[in-house]
Amino acid sequence: MNPLIEALLALLVLLGAAFTLVGSVGLVRLPDFLSRLHAPTKSTTLGVGSLLIASGVYFSQGDTLSLHELLVTLFLFITAPVSAHLLARAALHLGLPTRAAPPAVGEPRDGVRS
Amino acid sequence: MLSVALTLALAMVALALALSLWRLMRGPSTPDRILALDTLYINTIALLVLFGIRQQSQIYFEAALLIALMGFIGTLALCKYLLRGDIIE
């Protein structure tokens with residue numbers, strides 16, 4: 001295998017795995033549901049996308065072109081925002097506690113007189 | 001070089017799976033558990049892709065595609081259940 005391509009593949013694989021790990025760490029560490037929601041939905045999509053690019057490059061060596069990965073990537077990029085949106089709506093519907101309540105409408109903020 | 005990177009990446013994704021499993025068991029609310037399941041299936045896709053590169057086999061993509069499809073439908077159904085109290089109205 002071409003050493004340059006191998007280095008690129010190793011970099012992509014490690015980057016993807018690191019993003020996936022960061023997403024799950026965020027899922028465990030962040031304080032309330034709405035902030036927990038955006039850690040995995042973004043970073044795991046990016047991580048899996050990077051892994052799928054690595055896999056596409058790996059299986060495209062020689063004279064064959066591998067395009068299965070594009071299908072999975074496209075599907076994940078379309079579905080991840082939809083499921084995140086629905087989860088956020090479900091959380092709002094249930095009235096889950098957030099750490100800081102948003103300021104009430106028409107009420108001045110702390111120390112600010114308008 | 002690639003095999004070392006693959007082993008390391010497999011370990012990292014396995015750790016990510018364990019962390020989301022912890023969130024799945026811990027809760028505390030139902031959307032948290034659904035989100036943990038969502039993360040779990042996306043991490044499983046990552047694991048399958050890495051395993052496919054390691055085994056030099058393309059057959060794992062079919063599994064990854066199926067998991068992506070079914071996982072999305074599962075998340076959708078669970079969210080719908082929380083929102084409406086019913087899945088098929």
# chains A, B, ... in the order shown; residues from 1 in each chain; ligands from 1
>>> interface_residues(of="chain A", to="chain B", cutoff="8 Å", atoms="only C-alpha atoms", output="number ranges by chain")
A: 6-7, 9-11, 13-14, 17-18, 20-25, 27-28, 33, 37, 40-41, 44-45, 47-48, 51-52, 55, 58, 68-69, 71-72, 75-76, 79, 83, 86-87, 89-91, 93
>>> select_by_dssp(residues="segment 8-108 of chain A", states="alpha helix (DSSP H)", output="ChimeraX atom specification")
/A:8-29,33-59,68-94
>>> atom_distance(atom1="atom CA of Pro3 of chain A", atom2="atom CA of Phe19 of chain A")
24.2 Å
